[in-house]
>>> print(open('work.txt').read())   # compact mmCIF, C-alpha atoms and all ligand atoms
# COMPACT_ATOMS: atom_id res chain seq x y z
CA MET A 1 0.00 0.00 0.00
CA VAL A 2 1.18 3.53 -0.73
CA LYS A 3 2.05 5.56 2.30
CA CYS A 4 -0.65 8.17 2.84
CA GLY A 5 0.28 11.80 3.38
CA LEU A 6 0.47 13.66 6.66
CA LEU A 7 -2.08 16.46 6.90
CA THR A 8 -1.82 19.54 9.10
CA ILE A 9 -4.89 21.74 9.42
CA ILE A 10 -3.81 25.28 10.22
CA VAL A 11 -6.29 27.53 12.04
CA PRO A 12 -5.55 31.21 12.78
CA CYS A 13 -7.30 32.44 15.93
CA TYR A 14 -7.79 35.92 17.26
CA ASN A 15 -10.04 36.11 20.31
CA GLU A 16 -11.95 33.01 19.32
CA GLU A 17 -12.77 31.55 22.73
CA ALA A 18 -16.46 31.43 21.83
CA VAL A 19 -16.02 29.11 18.85
CA LEU A 20 -12.85 27.22 19.67
CA PRO A 21 -14.28 24.18 21.49
CA GLU A 22 -16.71 23.56 18.63
CA THR A 23 -13.98 24.10 16.01
CA VAL A 24 -11.68 21.62 17.72
CA LYS A 25 -14.51 19.11 17.92
CA GLU A 26 -15.53 19.39 14.27
CA LEU A 27 -12.02 19.46 12.81
CA GLY A 28 -10.96 16.68 15.18
CA THR A 29 -13.78 14.47 13.93
CA ILE A 30 -12.77 15.12 10.33
CA LEU A 31 -9.16 14.15 11.07
CA GLU A 32 -10.26 11.01 12.89
CA ASN A 33 -12.49 9.94 10.01
CA LEU A 34 -9.77 10.53 7.46
CA ILE A 35 -7.28 8.54 9.50
CA LYS A 36 -9.80 5.71 9.95
CA LYS A 37 -10.43 5.59 6.22
CA GLY A 38 -6.68 5.45 5.63
CA LYS A 39 -6.67 8.66 3.60
CA ILE A 40 -4.09 10.45 5.73
CA ASP A 41 -1.20 9.61 8.02
CA PRO A 42 -2.27 8.83 11.62
CA ALA A 43 0.19 11.48 12.88
CA SER A 44 -1.82 14.25 11.17
CA LYS A 45 -2.47 17.25 13.42
CA LEU A 46 -4.49 20.37 14.06
CA LEU A 47 -2.27 23.43 14.39
CA PHE A 48 -3.83 26.52 15.96
CA VAL A 49 -2.04 29.83 15.58
CA ASN A 50 -2.94 32.19 18.40
CA ASP A 51 -2.59 35.65 16.91
CA GLY A 52 -2.13 37.62 20.12
CA SER A 53 -5.60 36.98 21.53
CA GLN A 54 -6.56 38.81 24.70
CA ASP A 55 -9.08 36.20 25.78
CA ARG A 56 -8.80 32.53 26.82
CA THR A 57 -7.95 31.31 23.30
CA TRP A 58 -4.42 30.13 24.14
CA ARG A 59 -5.50 28.37 27.31
CA LEU A 60 -8.16 26.52 25.32
CA ILE A 61 -5.62 25.51 22.66
CA THR A 62 -3.23 24.04 25.22
CA ASP A 63 -6.06 22.25 27.05
CA PHE A 64 -6.83 19.81 24.23
CA ASP A 65 -4.14 17.18 24.11
CA PHE A 66 -4.38 16.23 20.42
CA VAL A 67 -4.24 19.88 19.41
CA THR A 68 -0.96 21.68 18.77
CA GLY A 69 -0.47 25.41 18.77
CA ILE A 70 1.87 28.28 18.27
CA LYS A 71 1.43 31.58 20.06
CA PHE A 72 2.39 34.96 18.67
CA SER A 73 3.91 37.53 21.02
CA ARG A 74 1.23 39.99 19.88
CA ASN A 75 -1.36 40.42 17.14
CA PHE A 76 0.32 40.18 13.74
CA GLY A 77 -2.78 39.71 11.60
CA HIS A 78 -4.56 36.89 9.86
CA GLN A 79 -2.23 36.59 6.86
CA ASN A 80 0.90 36.41 9.00
CA ALA A 81 -0.76 33.81 11.21
CA LEU A 82 -1.43 31.64 8.15
CA LEU A 83 2.15 32.00 6.96
CA ALA A 84 3.54 31.20 10.41
CA GLY A 85 1.42 28.04 10.50
CA MET A 86 2.69 26.92 7.11
CA THR A 87 6.31 27.80 7.96
CA THR A 88 6.06 25.69 11.10
CA ALA A 89 4.19 22.77 9.56
CA VAL A 90 5.87 22.41 6.17
CA ALA A 91 8.83 20.32 7.35
CA TYR A 92 6.62 17.58 8.80
CA SER A 93 3.54 17.71 6.55
CA ASP A 94 2.81 16.39 3.08
CA MET A 95 -0.24 18.64 2.78
CA MET A 96 -1.56 21.62 4.70
CA ILE A 97 -5.07 23.02 4.87
CA THR A 98 -5.73 26.53 6.13
CA ILE A 99 -9.18 27.31 7.48
CA ASP A 100 -10.73 30.08 9.62
CA ALA A 101 -11.59 29.29 13.22
CA ASP A 102 -15.20 30.46 12.99
CA LEU A 103 -16.61 27.46 11.05
CA GLN A 104 -18.00 29.71 8.30
CA ASP A 105 -16.27 27.52 5.77
CA ASP A 106 -17.77 24.05 5.56
CA VAL A 107 -15.30 21.68 7.24
CA LYS A 108 -16.67 18.75 5.23
CA ALA A 109 -14.93 20.13 2.15
CA VAL A 110 -11.72 18.85 3.75
CA TYR A 111 -12.66 15.31 2.63
CA GLU A 112 -12.83 16.40 -1.00
CA MET A 113 -9.65 18.45 -0.71
CA VAL A 114 -7.71 15.44 0.57
CA GLU A 115 -9.27 13.34 -2.21
CA LYS A 116 -8.00 15.83 -4.79
CA PHE A 117 -4.57 15.83 -3.16
CA ASN A 118 -4.45 12.05 -3.41
CA GLN A 119 -5.37 12.40 -7.09
CA GLY A 120 -2.23 14.47 -7.55
CA PHE A 121 -3.30 18.09 -7.20
CA ASP A 122 -0.92 20.42 -5.35
CA VAL A 123 -3.31 23.26 -4.64
CA VAL A 124 -7.01 22.79 -3.93
CA TYR A 125 -9.01 26.00 -3.58
CA GLY A 126 -12.13 26.08 -1.47
CA VAL A 127 -14.66 28.05 -3.52
CA ARG A 128 -17.92 29.39 -2.08
CA SER A 129 -20.84 28.16 -4.12
CA SER A 130 -23.23 30.65 -2.55
CA ARG A 131 -23.12 33.55 -0.16
CA GLN A 132 -26.72 33.28 0.99
CA THR A 133 -25.83 33.86 4.60
CA ASP A 134 -23.62 36.87 4.01
CA THR A 135 -25.32 40.24 4.16
CA PHE A 136 -26.34 41.87 0.87
CA PHE A 137 -23.65 44.46 1.44
CA LYS A 138 -20.87 41.91 2.02
CA ARG A 139 -21.93 40.01 -1.12
CA ARG A 140 -21.94 43.14 -3.31
CA SER A 141 -18.69 44.45 -1.90
CA ALA A 142 -16.97 41.10 -2.39
CA LEU A 143 -18.17 40.99 -6.01
CA ALA A 144 -16.95 44.52 -6.66
CA PHE A 145 -13.63 43.59 -5.07
CA TYR A 146 -13.01 40.59 -7.35
CA SER A 147 -13.88 42.55 -10.48
CA LEU A 148 -11.65 45.43 -9.40
CA MET A 149 -8.76 43.05 -8.75
CA LYS A 150 -9.23 41.51 -12.18
CA HIS A 151 -9.03 44.93 -13.81
CA MET A 152 -5.90 45.60 -11.83
CA GLY A 153 -4.34 42.50 -13.32
CA VAL A 154 -4.27 40.44 -10.11
CA ASP A 155 -4.97 36.81 -10.85
CA MET A 156 -7.28 35.44 -8.14
CA VAL A 157 -9.67 32.53 -7.95
CA PRO A 158 -13.07 34.24 -7.57
CA ASN A 159 -14.98 33.49 -4.38
CA SER A 160 -12.08 31.72 -2.79
CA ALA A 161 -10.56 33.03 0.42
CA ASP A 162 -7.91 31.45 2.57
CA TYR A 163 -9.58 28.05 2.82
CA ARG A 164 -7.36 25.80 0.73
CA LEU A 165 -5.11 22.80 0.66
CA MET A 166 -1.50 23.05 -0.44
CA SER A 167 1.04 20.30 -0.90
CA LYS A 168 4.46 20.39 0.70
CA ARG A 169 6.16 21.47 -2.50
CA ALA A 170 3.54 24.18 -3.17
CA VAL A 171 4.01 25.62 0.33
CA THR A 172 7.79 25.42 -0.06
CA ALA A 173 7.50 27.44 -3.25
CA LEU A 174 5.15 29.92 -1.58
CA LEU A 175 7.58 30.43 1.29
CA LYS A 176 10.17 31.59 -1.24
CA PHE A 177 8.07 34.72 -1.80
CA LYS A 178 9.97 37.16 0.37
CA GLU A 179 7.46 40.02 0.46
CA ARG A 180 6.38 41.59 3.74
CA ASN A 181 2.92 42.72 2.61
CA LEU A 182 1.11 39.44 2.42
CA PHE A 183 -1.87 38.89 0.20
CA LEU A 184 -1.94 35.11 0.10
CA ARG A 185 -4.95 34.67 -2.14
CA GLY A 186 -3.12 36.58 -4.84
CA MET A 187 0.22 34.85 -4.22
CA VAL A 188 -0.92 31.23 -4.27
CA PRO A 189 -2.00 31.27 -7.96
CA LEU A 190 1.47 32.63 -8.81
CA VAL A 191 3.05 29.47 -7.41
CA GLY A 192 1.58 27.34 -10.18
CA TYR A 193 1.43 23.51 -10.01
CA PRO A 194 -1.71 21.50 -10.81
CA SER A 195 -4.70 22.95 -8.98
CA ALA A 196 -8.33 22.05 -8.43
CA LYS A 197 -11.41 23.59 -6.84
CA VAL A 198 -13.84 22.29 -4.29
CA LEU A 199 -17.24 23.98 -3.93
CA TYR A 200 -18.81 24.52 -0.52
CA GLU A 201 -21.57 26.55 1.10
CA ARG A 202 -20.49 29.50 3.18
CA LYS A 203 -22.27 29.59 6.51
CA GLU A 204 -22.86 32.05 9.32
CA ARG A 205 -20.15 32.52 11.90
CA PHE A 206 -20.69 29.82 14.52
CA ALA A 207 -20.17 32.21 17.43
CA GLY A 208 -18.34 35.42 18.28
CA GLU A 209 -18.11 38.32 15.88
CA SER A 210 -16.17 39.13 12.73
CA LYS A 211 -12.61 40.35 13.23
CA TYR A 212 -12.80 41.96 9.81
CA PRO A 213 -14.93 45.09 10.10
CA LEU A 214 -15.45 47.29 7.03
CA ASN A 215 -12.40 49.48 7.59
CA LYS A 216 -10.11 46.45 7.90
CA MET A 217 -11.71 44.97 4.76
CA ILE A 218 -11.09 48.13 2.75
CA ARG A 219 -7.52 48.26 3.95
CA PHE A 220 -7.05 44.62 3.00
CA ALA A 221 -8.41 45.30 -0.49
CA PHE A 222 -6.18 48.33 -0.88
CA ASP A 223 -3.20 46.31 0.36
CA GLY A 224 -4.03 43.65 -2.18
CA ILE A 225 -4.00 46.13 -5.03
CA SER A 226 -1.01 48.15 -3.93
CA SER A 227 1.14 45.12 -3.23
CA PHE A 228 0.31 43.35 -6.46
CA SER A 229 -0.36 45.82 -9.17
CA THR A 230 1.35 48.70 -10.89
CA VAL A 231 -1.80 49.43 -12.89
CA PRO A 232 -2.56 52.57 -10.83
CA ILE A 233 0.77 54.05 -12.02
CA ARG A 234 -0.19 53.37 -15.63
CA MET A 235 -3.51 55.07 -14.95
CA ILE A 236 -1.69 58.30 -14.06
CA MET A 237 0.11 58.09 -17.39
CA SER A 238 -3.16 57.72 -19.31
CA LEU A 239 -4.68 60.58 -17.35
CA GLY A 240 -1.67 62.75 -18.21
CA PHE A 241 -2.05 62.10 -21.93
CA LEU A 242 -5.77 62.76 -21.69
CA VAL A 243 -5.12 66.14 -20.09
CA ILE A 244 -2.58 67.01 -22.81
CA LEU A 245 -5.16 66.08 -25.43
CA ILE A 246 -7.70 68.34 -23.73
CA SER A 247 -5.11 71.12 -23.76
CA VAL A 248 -4.80 70.77 -27.55
CA PHE A 249 -8.56 71.23 -27.95
CA LEU A 250 -8.42 74.17 -25.58
CA LEU A 251 -5.58 75.64 -27.58
CA ILE A 252 -7.73 75.61 -30.70
CA PHE A 253 -10.76 76.94 -28.83
CA THR A 254 -8.86 79.78 -27.18
CA LEU A 255 -7.14 80.75 -30.39
CA VAL A 256 -10.52 80.96 -32.15
CA GLN A 257 -11.91 83.06 -29.29
CA TRP A 258 -8.80 85.24 -29.42
CA MET A 259 -9.18 85.79 -33.16
CA ARG A 260 -12.81 86.74 -32.64
CA GLY A 261 -11.56 89.24 -30.09
CA ALA A 262 -13.90 87.81 -27.46
CA VAL A 263 -11.31 87.44 -24.72
CA ILE A 264 -9.76 89.46 -21.95
CA SER A 265 -6.03 89.89 -22.50
CA GLY A 266 -3.96 87.21 -20.80
CA TRP A 267 -6.77 84.62 -20.69
CA SER A 268 -5.65 82.59 -23.72
CA SER A 269 -2.06 82.09 -22.59
CA LEU A 270 -3.18 81.24 -19.05
CA MET A 271 -5.73 78.67 -20.18
CA ILE A 272 -3.34 76.91 -22.50
CA SER A 273 -0.44 76.80 -20.07
CA ILE A 274 -2.52 75.55 -17.14
CA TRP A 275 -3.84 72.53 -19.04
CA PHE A 276 -0.71 71.78 -20.97
CA LEU A 277 1.55 71.98 -17.92
CA GLY A 278 -0.89 69.91 -15.85
CA GLY A 279 -0.75 67.16 -18.45
CA VAL A 280 3.02 67.30 -18.78
CA GLN A 281 3.41 67.05 -15.01
CA LEU A 282 1.15 64.02 -14.79
CA VAL A 283 3.10 62.25 -17.51
CA CYS A 284 6.39 63.08 -15.77
CA VAL A 285 5.11 61.79 -12.43
CA SER A 286 4.04 58.56 -14.07
CA VAL A 287 7.44 58.12 -15.71
CA ILE A 288 9.03 58.33 -12.26
CA GLY A 289 6.26 55.99 -11.11
CA GLU A 290 7.32 53.42 -13.69
CA TYR A 291 10.74 53.28 -12.05
CA VAL A 292 9.21 53.13 -8.58
CA GLY A 293 7.09 50.25 -9.89
CA LYS A 294 10.24 48.44 -11.01
CA ILE A 295 11.85 48.98 -7.59
CA PHE A 296 8.63 47.73 -6.00
CA LYS A 297 8.85 44.52 -7.98
CA GLU A 298 12.56 44.06 -7.30
CA THR A 299 12.24 44.55 -3.55
CA LYS A 300 9.72 41.73 -3.33
CA GLN A 301 12.47 39.30 -4.38
CA ARG A 302 9.91 36.85 -5.63
CA PRO A 303 11.28 33.69 -7.21
CA ARG A 304 11.58 34.14 -10.96
CA PHE A 305 10.42 30.61 -11.67
CA THR A 306 9.35 27.39 -10.00
CA ILE A 307 10.37 24.11 -11.64
CA GLU A 308 7.82 21.33 -11.48
CA LYS A 309 9.81 18.54 -13.14
CA ASP A 310 13.52 18.31 -13.94
CA ASP A 311 14.62 15.55 -16.26
CA PHE A 312 18.16 16.89 -16.64
CA THR A 313 19.80 16.78 -13.22
CA PRO A 314 19.12 13.07 -12.52
CA LYS A 315 21.05 12.14 -15.68
CA PHE A 316 24.22 13.41 -14.05
CA LYS A 317 23.69 12.05 -10.55
CA LYS A 318 25.14 8.65 -9.88
N1 LIG B 1 -7.89 36.42 12.60
C1 LIG B 1 -6.56 36.45 13.04
N2 LIG B 1 -5.99 37.66 13.31
C2 LIG B 1 -6.63 38.86 13.15
C3 LIG B 1 -7.98 38.82 12.68
C4 LIG B 1 -8.57 37.58 12.40
O1 LIG B 1 -5.93 35.41 13.18
O2 LIG B 1 -6.05 39.90 13.42
C5 LIG B 1 -8.52 35.12 12.30
C6 LIG B 1 -9.84 34.89 12.99
O3 LIG B 1 -9.67 34.34 14.27
C7 LIG B 1 -10.51 33.91 12.02
C8 LIG B 1 -9.98 34.32 10.68
O4 LIG B 1 -8.80 35.10 10.93
O5 LIG B 1 -10.11 32.57 12.28
C9 LIG B 1 -10.97 35.13 9.86
O6 LIG B 1 -11.49 36.20 10.61
P1 LIG B 1 -13.05 36.53 10.64
O7 LIG B 1 -13.84 35.27 10.62
O8 LIG B 1 -13.29 37.45 11.78
O9 LIG B 1 -13.23 37.30 9.26
P2 LIG B 1 -14.54 37.29 8.30
O10 LIG B 1 -14.88 35.87 8.07
O11 LIG B 1 -15.59 38.02 9.03
O12 LIG B 1 -14.07 37.99 7.06
MG MG B 2 -15.28 34.52 9.41
>>> encode(input="work.txt", output="structure tokens")
Amino acid sequence: MVKCGLLTIIVPCYNEEAVLPETVKELGTILENLIKKGKIDPASKLLFVNDGSQDRTWRLITDFDFVTGIKFSRNFGHQNALLAGMTTAVAYSDMMITIDADLQDDVKAVYEMVEKFNQGFDVVYGVRSSRQTDTFFKRRSALAFYSLMKHMGVDMVPNSADYRLMSKRAVTALLKFKERNLFLRGMVPLVGYPSAKVLYERKERFAGESKYPLNKMIRFAFDGISSFSTVPIRMIMSLGFLVILISVFLLIFTLVQWMRGAVISGWSSLMISIWFLGGVQLVCVSVIGEYVGKIFKETKQRPRFTIEKDDFTPKFKK
């Protein structure tokens, strides 16, 4: 029989004492079932990342004996908690699943994710099939967000958040992305490797309240755009050329007015120079922006490629 892979389920927690016992119970059951069915290694674990909670979260984590945890020295945010979990787990796991603590994402999708992993997929995205339980506002804003990101040239899997499975080699590749501003759902597709999707129904939070209020959500969206896309810089360039074009029309208009003698002296030269200079300045700013954009990309030190198969090296190894 083939050896089955070791799974670590990574759960970021920030003040989640209200849901934690239920989360441990549900995820624990899933692990047990998978082990019983021989789908995963019996040493598979739950790994809770306590993101600087002020409540009893850490005490709860350490109370359950089959649960493992890491504790941050303070609150570092959801994305960093996910990365810390993967960094810690990658050495000992063949696959890792990240899931929120609040049970909004259907835990049963884990079965299908593991199935897909065993079929040979490296990344399995959890995709929400419906958002019935989200408020109208959250649904609309999420939709607007995905379409905005697409226009900004950020490749994301629509309706997928941070509920996904990644293989050891996919996580290893992801950890080579050296950027500080994390936007994992934009980074994971950049890793490549065979990927699949699993549909699930998004539910209400089991207990407690959202740690992502509107202002945090907007900041997250803005972070996503500004750490992934240089499209806004290009937009300044287009705007600059548009303003110069307008200045040409104005030039003609003012000259005609001037010839008709229908202007106060000084008006024509002022009008033309204001628009023309405005346009020139915008173009100049965007040219500098292009270089800033290049620096921005260089400082990320992302890997330039990820090799999936290498048929060359083994030919030279004895
Ligand atoms: N979370 C975290 N650190 C934070 C904020 C949130 O680790 O600073 C965790 C939180 O405990 C939960 C997950 O991130 O497991 C998603 O947060 P939440 O459910 O509040 O977000 P929402 O689903 O409302 O967008
Ligand atoms: Mg939630």
>>> residues_near_ligand(input="work.txt", ligand="ligand MG 2 (chain B)", cutoff="10 Å", atoms="all atoms listed in the file", output="mmCIF file with C-alpha atoms, in the frame of the given file")
data_model
loop_
_atom_site.group_PDB
_atom_site.id
_atom_site.type_symbol
_atom_site.label_atom_id
_atom_site.label_comp_id
_atom_site.auth_asym_id
_atom_site.auth_seq_id
_atom_site.Cartn_x
_atom_site.Cartn_y
_atom_site.Cartn_z
ATOM 1 C CA ILE A 99 -9.180 27.310 7.480
ATOM 2 C CA ASP A 100 -10.730 30.080 9.620
ATOM 3 C CA ALA A 101 -11.590 29.290 13.220
ATOM 4 C CA ASP A 102 -15.200 30.460 12.990
ATOM 5 C CA LEU A 103 -16.610 27.460 11.050
ATOM 6 C CA GLN A 104 -18.000 29.710 8.300
ATOM 7 C CA ASP A 105 -16.270 27.520 5.770
ATOM 8 C CA ARG A 202 -20.490 29.500 3.180
ATOM 9 C CA LYS A 203 -22.270 29.590 6.510
ATOM 10 C CA GLU A 204 -22.860 32.050 9.320
ATOM 11 C CA ARG A 205 -20.150 32.520 11.900
ATOM 12 C CA PHE A 206 -20.690 29.820 14.520
ATOM 13 C CA ALA A 207 -20.170 32.210 17.430
ATOM 14 C CA GLY A 208 -18.340 35.420 18.280
ATOM 15 C CA GLU A 209 -18.110 38.320 15.880
ATOM 16 C CA SER A 210 -16.170 39.130 12.730
ATOM 17 C CA LYS A 211 -12.610 40.350 13.230
ATOM 18 C CA TYR A 212 -12.800 41.960 9.810
#
>>> axis_aligned_box(input="work.txt", around="region 91-108 of chain A", padding_each_side="4 Å", output="AutoDock Vina command-line options")
--center_x -4.6 --center_y 23.4 --center_z 8.0 --size_x 34.8 --size_y 22.1 --size_z 18.4
>>> atom_distance(input="work.txt", atom1="CA of Leu148 (chain A)", atom2="CA of Ile288 (chain A)")
24.5 Å
>>> residues_near_point(input="work.txt", point="(3.6, 23.9, 3.3)", cutoff="6 Å", atoms="all atoms listed in the file", output="PyMOL selection string")
chain A and resi 86+90+96+168+171-172
>>> write_last_selection(input="work.txt", atoms="C-alpha atoms", output="CSV table (one decimal), in the coordinates of the input")
chain,number,residue,atom,x,y,z
A,86,MET,CA,2.7,26.9,7.1
A,90,VAL,CA,5.9,22.4,6.2
A,96,MET,CA,-1.6,21.6,4.7
A,168,LYS,CA,4.5,20.4,0.7
A,171,VAL,CA,4.0,25.6,0.3
A,172,THR,CA,7.8,25.4,-0.1
>>> closest_residue(input="work.txt", among="A:Asn75, A:Ile233, A:Ala89, A:Ala43", to="Phe296 (chain A)", atoms="only C-alpha atoms")
A:Ile233
>>> residues_around(input="work.txt", residues="Val243 (chain A)", least_positions_apart="4", cutoff="7 Å", atoms="only C-alpha atoms", output="PDB file with C-alpha atoms, keeping the file's coordinate frame")
ATOM      1  CA  LEU A 239      -4.680  60.580 -17.350  1.00  0.00           C
ATOM      2  CA  SER A 247      -5.110  71.120 -23.760  1.00  0.00           C
ATOM      3  CA  TRP A 275      -3.840  72.530 -19.040  1.00  0.00           C
ATOM      4  CA  GLY A 279      -0.750  67.160 -18.450  1.00  0.00           C
TER       5      GLY A 279
END
>>> residues_near_point(input="work.txt", point="(-12.2, 30.0, -5.6)", cutoff="10 Å", atoms="only C-alpha atoms", output="ChimeraX atom specification")
/A:124-129,156-164,185,196-200
>>> closest_residue(input="work.txt", among="A:Val123, A:Ala144, A:Ala18, A:Met113", to="Ala170 (chain A)", atoms="only C-alpha atoms")
A:Val123
>>> closest_residue(input="work.txt", among="A:Lys294, A:Leu27, A:Ile225, A:Phe220", to="Val67 (chain A)", atoms="all atoms listed in the file")
A:Leu27
>>> closest_residue(input="work.txt", among="A:Asp310, A:Glu179, A:Glu201, A:Glu16", to="ligand LIG 1 (chain B)", atoms="all atoms listed in the file")
A:Glu16
>>> atom_distance(input="work.txt", atom1="CA of Glu32 (chain A)", atom2="CA of Leu184 (chain A)")
28.5 Å
>>> closest_residue(input="work.txt", among="A:Phe76, A:Phe64, A:Phe137, A:Phe48", to="ligand LIG 1 (chain B)", atoms="all atoms listed in the file")
A:Phe76
